[in-house]
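One file, protein-v8.pdb, carrying PDB, C-alpha atoms:
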ATOM      1  CA  MET A  24     -13.235   2.297 -24.709  1.00  0.00           C
ATOM      2  CA  ALA A  25     -10.882   2.257 -21.723  1.00  0.00           C
ATOM      3  CA  ASN A  26      -9.845  -0.915 -19.993  1.00  0.00           C
ATOM      4  CA  VAL A  27     -11.366  -1.360 -16.577  1.00  0.00           C
ATOM      5  CA  TYR A  28      -8.416  -3.355 -15.287  1.00  0.00           C
ATOM      6  CA  SER A  29      -5.147  -1.874 -16.437  1.00  0.00           C
ATOM      7  CA  LEU A  30      -1.638  -2.548 -15.233  1.00  0.00           C
ATOM      8  CA  ASP A  31      -1.004   1.027 -14.159  1.00  0.00           C
ATOM      9  CA  GLY A  32      -4.254   1.062 -12.176  1.00  0.00           C
ATOM     10  CA  LEU A  33      -3.240  -2.106 -10.362  1.00  0.00           C
ATOM     11  CA  LEU A  34       0.191  -0.634  -9.631  1.00  0.00           C
ATOM     12  CA  VAL A  35      -1.352   2.544  -8.226  1.00  0.00           C
ATOM     13  CA  PHE A  36      -3.694   0.496  -6.058  1.00  0.00           C
ATOM     14  CA  GLY A  37      -0.836  -1.668  -4.792  1.00  0.00           C
ATOM     15  CA  LEU A  38       1.338   1.317  -3.938  1.00  0.00           C
ATOM     16  CA  LEU A  39      -1.474   3.115  -2.155  1.00  0.00           C
ATOM     17  CA  PHE A  40      -2.329  -0.052  -0.233  1.00  0.00           C
ATOM     18  CA  VAL A  41       1.261  -0.551   0.925  1.00  0.00           C
ATOM     19  CA  CYS A  42       1.637   3.124   1.886  1.00  0.00           C
ATOM     20  CA  THR A  43      -1.645   3.117   3.794  1.00  0.00           C
ATOM     21  CA  CYS A  44      -0.790  -0.041   5.722  1.00  0.00           C
ATOM     22  CA  ALA A  45       2.646   1.352   6.579  1.00  0.00           C
ATOM     23  CA  TYR A  46       0.925   4.458   7.952  1.00  0.00           C
ATOM     24  CA  PHE A  47      -1.488   2.300   9.950  1.00  0.00           C
ATOM     25  CA  ARG A  48       1.513   0.618  11.540  1.00  0.00           C
ATOM     26  CA  LYS A  49       2.634   3.978  12.983  1.00  0.00           C
ATOM     27  CA  VAL A  50      -0.748   4.677  14.651  1.00  0.00           C
ATOM     28  CA  PRO A  51      -0.951   2.658  17.911  1.00  0.00           C
ATOM     29  CA  ARG A  52      -4.700   2.095  17.950  1.00  0.00           C
ATOM     30  CA  LEU A  53      -4.860   1.018  14.332  1.00  0.00           C
ATOM     31  CA  LYS A  54      -1.804  -1.181  14.769  1.00  0.00           C
ATOM     32  CA  THR A  55      -3.434  -3.243  17.513  1.00  0.00           C
ATOM     33  CA  TRP A  56      -6.804  -3.380  15.776  1.00  0.00           C
ATOM     34  CA  LEU A  57      -5.869  -3.947  12.151  1.00  0.00           C
ATOM     35  CA  LEU A  58      -2.346  -5.348  12.133  1.00  0.00           C
ATOM     36  CA  SER A  59      -2.528  -7.824  15.010  1.00  0.00           C
ATOM     37  CA  GLU A  60      -3.262 -10.842  12.795  1.00  0.00           C
ATOM     38  CA  LYS A  61      -0.347 -12.264  10.846  1.00  0.00           C
ATOM     39  CA  ARG A  62      -2.261 -15.006   9.018  1.00  0.00           C
ATOM     40  CA  GLY A  63      -5.360 -15.203   6.896  1.00  0.00           C
ATOM     41  CA  VAL A  64      -7.162 -12.367   5.178  1.00  0.00           C
ATOM     42  CA  TRP A  65      -6.198  -9.792   7.813  1.00  0.00           C
ATOM     43  CA  GLY A  66      -2.578 -10.896   7.470  1.00  0.00           C
ATOM     44  CA  VAL A  67      -2.424  -9.166   4.088  1.00  0.00           C
ATOM     45  CA  PHE A  68      -2.579  -5.819   5.899  1.00  0.00           C
ATOM     46  CA  TYR A  69       0.273  -6.866   8.196  1.00  0.00           C
ATOM     47  CA  LYS A  70       2.426  -8.077   5.302  1.00  0.00           C
ATOM     48  CA  ALA A  71       1.832  -4.884   3.323  1.00  0.00           C
ATOM     49  CA  ALA A  72       2.789  -2.835   6.388  1.00  0.00           C
ATOM     50  CA  VAL A  73       6.009  -4.799   6.779  1.00  0.00           C
ATOM     51  CA  ILE A  74       6.849  -4.274   3.102  1.00  0.00           C
ATOM     52  CA  GLY A  75       6.118  -0.557   3.416  1.00  0.00           C
ATOM     53  CA  THR A  76       8.318  -0.074   6.470  1.00  0.00           C
ATOM     54  CA  ARG A  77      11.242  -2.235   5.367  1.00  0.00           C
ATOM     55  CA  LEU A  78      11.370  -0.925   1.799  1.00  0.00           C
ATOM     56  CA  HIS A  79      10.328   2.647   2.556  1.00  0.00           C
ATOM     57  CA  ALA A  80      12.879   4.208   0.203  1.00  0.00           C
ATOM     58  CA  ALA A  81      11.909   2.023  -2.750  1.00  0.00           C
ATOM     59  CA  VAL A  82       8.198   2.508  -2.051  1.00  0.00           C
ATOM     60  CA  ALA A  83       8.611   6.283  -1.834  1.00  0.00           C
ATOM     61  CA  ILE A  84      10.561   6.455  -5.096  1.00  0.00           C
ATOM     62  CA  SER A  85       8.028   4.268  -6.888  1.00  0.00           C
ATOM     63  CA  CYS A  86       5.174   6.446  -5.577  1.00  0.00           C
ATOM     64  CA  ILE A  87       6.879   9.552  -6.975  1.00  0.00           C
ATOM     65  CA  VAL A  88       7.513   7.878 -10.327  1.00  0.00           C
ATOM     66  CA  MET A  89       3.926   6.610 -10.513  1.00  0.00           C
ATOM     67  CA  ALA A  90       2.544  10.049  -9.616  1.00  0.00           C
ATOM     68  CA  PHE A  91       4.646  11.630 -12.386  1.00  0.00           C
ATOM     69  CA  TYR A  92       3.418   8.982 -14.825  1.00  0.00           C
ATOM     70  CA  VAL A  93      -0.247   9.394 -13.927  1.00  0.00           C
ATOM     71  CA  LEU A  94      -0.184  13.198 -13.912  1.00  0.00           C
ATOM     72  CA  PHE A  95       1.958  13.982 -16.937  1.00  0.00           C
ATOM     73  CA  ILE A  96       2.325  10.974 -19.219  1.00  0.00           C
ATOM     74  CA  LYS A  97      -1.027   9.219 -19.049  1.00  0.00           C
TER      75      LYS A  97
END

Please express the file's structure as structure tokens.
Amino acid sequence: MANVYSLDGLLVFGLLFVCTCAYFRKVPRLKTWLLSEKRGVWGVFYKAAVIGTRLHAAVAISCIVMAFYVLFIK
């Protein structure tokens, strides 16, 4: 039986979340609606967007590595 919560699943979710929030930061309407709060629950979206834009090279490389892992190794 497969584990419901696995480390690679959490890593994929985290990478997709950071990439999605970084994309939302580039769209003006979504930036004002979703990323305006810097504290609280909605602040998680802002912080993920900041991580995605500041570390875009590392995030892109880790997305490629994770995609290779999920498609060919797992």

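Selection check: the PyMOL selection byres ((chain A and resi 63-79) around 8) on the shown file gives Phe40, Val41, Cys42, Thr43, Cys44, Ala45, Tyr46, Phe47, Arg48, Leu57, Leu58, Ser59, Glu60, Lys61, Arg62, Ala80, Ala81, Val82 and Ala83 of chain A.
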
Gap from CA of Phe91 (chain A) to CA of Tyr28 (chain A) - Å, one decimal: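 Distance between the two atoms: 20.1 Å.
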
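Pairwise distance (CA of Phe36 (chain A), CA of Leu53 (chain A)) equals 20.4 Å.
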
Just the number, please: distance in Å from CA of Leu34 (chain A) to CA of Thr55 (chain A), one decimal.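 Computing the Euclidean distance for CA of Leu34 (chain A) and CA of Thr55 (chain A) yields 27.5 Å.
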
Region 25-89 of chain A from the block above: C-alpha atoms written as a compact mmCIF listing (two decimals), in the first residue's frame:
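As written to disk, selection_13.txt reads:
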# COMPACT_ATOMS: atom_id res chain seq x y z
CA ALA A 25 1.34 3.43 -0.95
CA ASN A 26 1.93 6.15 1.57
CA VAL A 27 -0.53 8.99 1.36
CA TYR A 28 1.97 11.54 2.63
CA SER A 29 5.37 11.01 1.08
CA LEU A 30 8.37 13.29 1.03
CA ASP A 31 8.50 13.52 -2.75
CA GLY A 32 4.80 14.42 -2.87
CA LEU A 33 5.35 17.22 -0.37
CA LEU A 34 8.33 18.47 -2.37
CA VAL A 35 6.30 18.50 -5.58
CA PHE A 36 3.50 20.37 -3.85
CA GLY A 37 5.93 22.92 -2.41
CA LEU A 38 7.61 23.53 -5.74
CA LEU A 39 4.32 23.91 -7.57
CA PHE A 40 3.06 26.28 -4.87
CA VAL A 41 6.14 28.49 -5.09
CA CYS A 42 6.05 28.52 -8.91
CA THR A 43 2.35 29.35 -8.97
CA CYS A 44 2.71 32.20 -6.49
CA ALA A 45 5.67 33.60 -8.44
CA TYR A 46 3.48 33.56 -11.56
CA PHE A 47 0.67 35.29 -9.67
CA ARG A 48 3.11 38.05 -8.78
CA LYS A 49 3.60 38.81 -12.50
CA VAL A 50 -0.16 39.21 -13.17
CA PRO A 51 -1.25 42.69 -11.97
CA ARG A 52 -4.81 41.82 -10.99
CA LEU A 53 -3.82 38.72 -9.07
CA LYS A 54 -0.95 40.56 -7.42
CA THR A 55 -3.24 43.18 -5.90
CA TRP A 56 -5.92 40.66 -4.95
CA LEU A 57 -3.90 37.73 -3.65
CA LEU A 58 -0.49 39.07 -2.71
CA SER A 59 -1.43 42.33 -0.99
CA GLU A 60 -1.32 40.87 2.53
CA LYS A 61 2.10 40.27 4.02
CA ARG A 62 0.95 38.76 7.33
CA GLY A 63 -1.35 35.99 8.39
CA VAL A 64 -2.66 33.15 6.28
CA TRP A 65 -2.65 35.17 3.06
CA GLY A 66 0.94 36.17 3.77
CA VAL A 67 2.04 32.63 2.89
CA PHE A 68 1.20 33.38 -0.75
CA TYR A 69 3.27 36.58 -0.62
CA LYS A 70 6.25 34.84 0.98
CA ALA A 71 6.14 32.00 -1.56
CA ALA A 72 6.04 34.56 -4.38
CA VAL A 73 9.07 36.35 -2.96
CA ILE A 74 10.96 33.05 -2.69
CA GLY A 75 10.01 32.16 -6.26
CA THR A 76 11.16 35.47 -7.72
CA ARG A 77 14.37 35.85 -5.72
CA LEU A 78 15.52 32.25 -6.15
CA HIS A 79 14.14 31.71 -9.65
CA ALA A 80 17.22 29.85 -10.89
CA ALA A 81 17.28 27.43 -7.97
CA VAL A 82 13.52 26.90 -8.16
CA ALA A 83 13.69 26.22 -11.90
CA ILE A 84 16.52 23.72 -11.52
CA SER A 85 14.75 21.92 -8.68
CA CYS A 86 11.54 21.75 -10.75
CA ILE A 87 13.46 20.13 -13.62
CA VAL A 88 15.15 17.66 -11.28
CA MET A 89 11.84 16.81 -9.59
